[in-house]
Amino acid sequence: AALSTSHELAPVMTRRAIAPGRVNLIGEHTDYTGGLVLPMAIDRCTEISFHRGGDRVRLRSLDEPHVVDLPLPVDGAATDPASVQPAWGRYIAAVVAEVRPTVGFTGHVSTDIPIGAGLSSSAALEVATALALGFEGTSDELAQLCRRAEHAASGVPCGIMDQLVIAAAVRDHALLIDCHTLERTPVPIPSDAEIVVQ
């Protein structure tokens, strides 16, 4: 599951927010109709290393040449994600608009989730960003927030599967999710089974 950690690096505190990618074993295209899905987190992740402070969110990517630099929402008005360049910054802007933090951060993002490979790299980025911004709610609330951010950033009315399994994954288990009620049941993966992502 996604997590946020911190450790001291004088003179500032450096923190890390980490979110895994995912595969879906059963139930393609049923999450946005409220059906059942059986996804699981994988051993590839997106990590944001950052320090908090200031009134902006500044994020560099190890895979992209341009920096995302956004102001925090002021008087209820947040940056429109559709207007943000570089394009990957739209996901950051959409999460900032949902979280509405009072303190920004400066950091860099790295990932070993192949982008565009169907392993939910955008959902992992959204979850890691929300954690870096200080989100402290439940995994359901985190998933719902990041799903709204995905809608705003991409214009695609996706279901909640990606964000929910990333926020609530259980080690060595798939997660049976009822996408209508958000009820979750961890399903053990047999120790002799291999999940191969190609």
# chains A, B, ... in the order shown; residues from 1 in each chain; ligands from 1

$ residues_around --residues "His29 (chain A)" --least-positions-apart "4" --cutoff "12 Å" --atoms "only C-alpha atoms" --output "JSON, numbers by chain"
{"A": [24, 25, 33, 34, 35, 36, 37, 38, 39, 157, 158, 159, 160, 161, 162, 179]}

$ residues_around --residues "Asp43 (chain A)" --least-positions-apart "3" --cutoff "12 Å" --atoms "only C-alpha atoms" --output "number ranges by chain"
A: 1-2, 18-23, 40, 46, 111-113, 119, 166, 169, 171-172, 195-197

$ residues_around --residues "region 93-108 of chain A" --least-positions-apart "6" --cutoff "8 Å" --atoms "only C-alpha atoms" --output "short mmCIF file (atom, residue, chain, number, x, y, z; two decimals) with C-alpha atoms, in the first residue's frame"
data_model
loop_
_atom_site.label_atom_id
_atom_site.label_comp_id
_atom_site.auth_asym_id
_atom_site.auth_seq_id
_atom_site.Cartn_x
_atom_site.Cartn_y
_atom_site.Cartn_z
CA ILE A 48 8.37 11.52 -4.29
CA SER A 49 11.27 12.75 -2.16
CA PHE A 50 10.56 16.21 -0.84
CA HIS A 51 10.76 18.76 1.91
CA ARG A 52 7.76 20.78 3.02
CA GLY A 53 7.59 24.55 3.11
CA GLY A 54 6.61 27.61 1.13
CA ASP A 55 3.50 28.46 -0.82
CA ARG A 56 4.20 26.50 -4.00
CA VAL A 57 4.51 22.91 -5.14
CA ARG A 58 7.71 22.45 -7.16
CA LEU A 59 8.41 18.99 -8.49
CA ARG A 60 11.10 17.69 -10.81
CA SER A 61 10.86 14.35 -12.59
CA LEU A 62 13.84 12.12 -13.22
CA LEU A 70 2.29 25.48 -9.00
CA LEU A 72 -1.18 26.74 -3.65
CA PRO A 73 -4.92 27.46 -3.92
CA ALA A 78 -6.88 26.47 -7.56
CA THR A 79 -4.90 26.20 -10.80
CA ASP A 80 -6.97 24.64 -13.58
CA PRO A 81 -5.24 21.29 -14.33
CA VAL A 84 -0.74 23.16 -16.73
CA GLU A 126 -1.73 10.96 -7.67
CA THR A 129 1.34 13.47 -4.42
CA ALA A 130 -1.59 13.49 -1.99
CA ALA A 132 3.39 14.37 0.02
CA LEU A 133 0.86 17.18 0.50
CA GLY A 134 0.01 15.81 3.94
CA PHE A 135 -3.23 13.94 3.27
CA LEU A 145 -9.84 12.16 -3.84
CA CYS A 146 -7.34 10.78 -6.34
CA ARG A 148 -11.58 12.96 -8.76
CA ALA A 149 -8.10 14.27 -9.56
CA GLU A 150 -7.75 11.74 -12.39
CA ALA A 152 -9.93 16.55 -13.70
CA ALA A 153 -6.44 15.87 -15.07
#
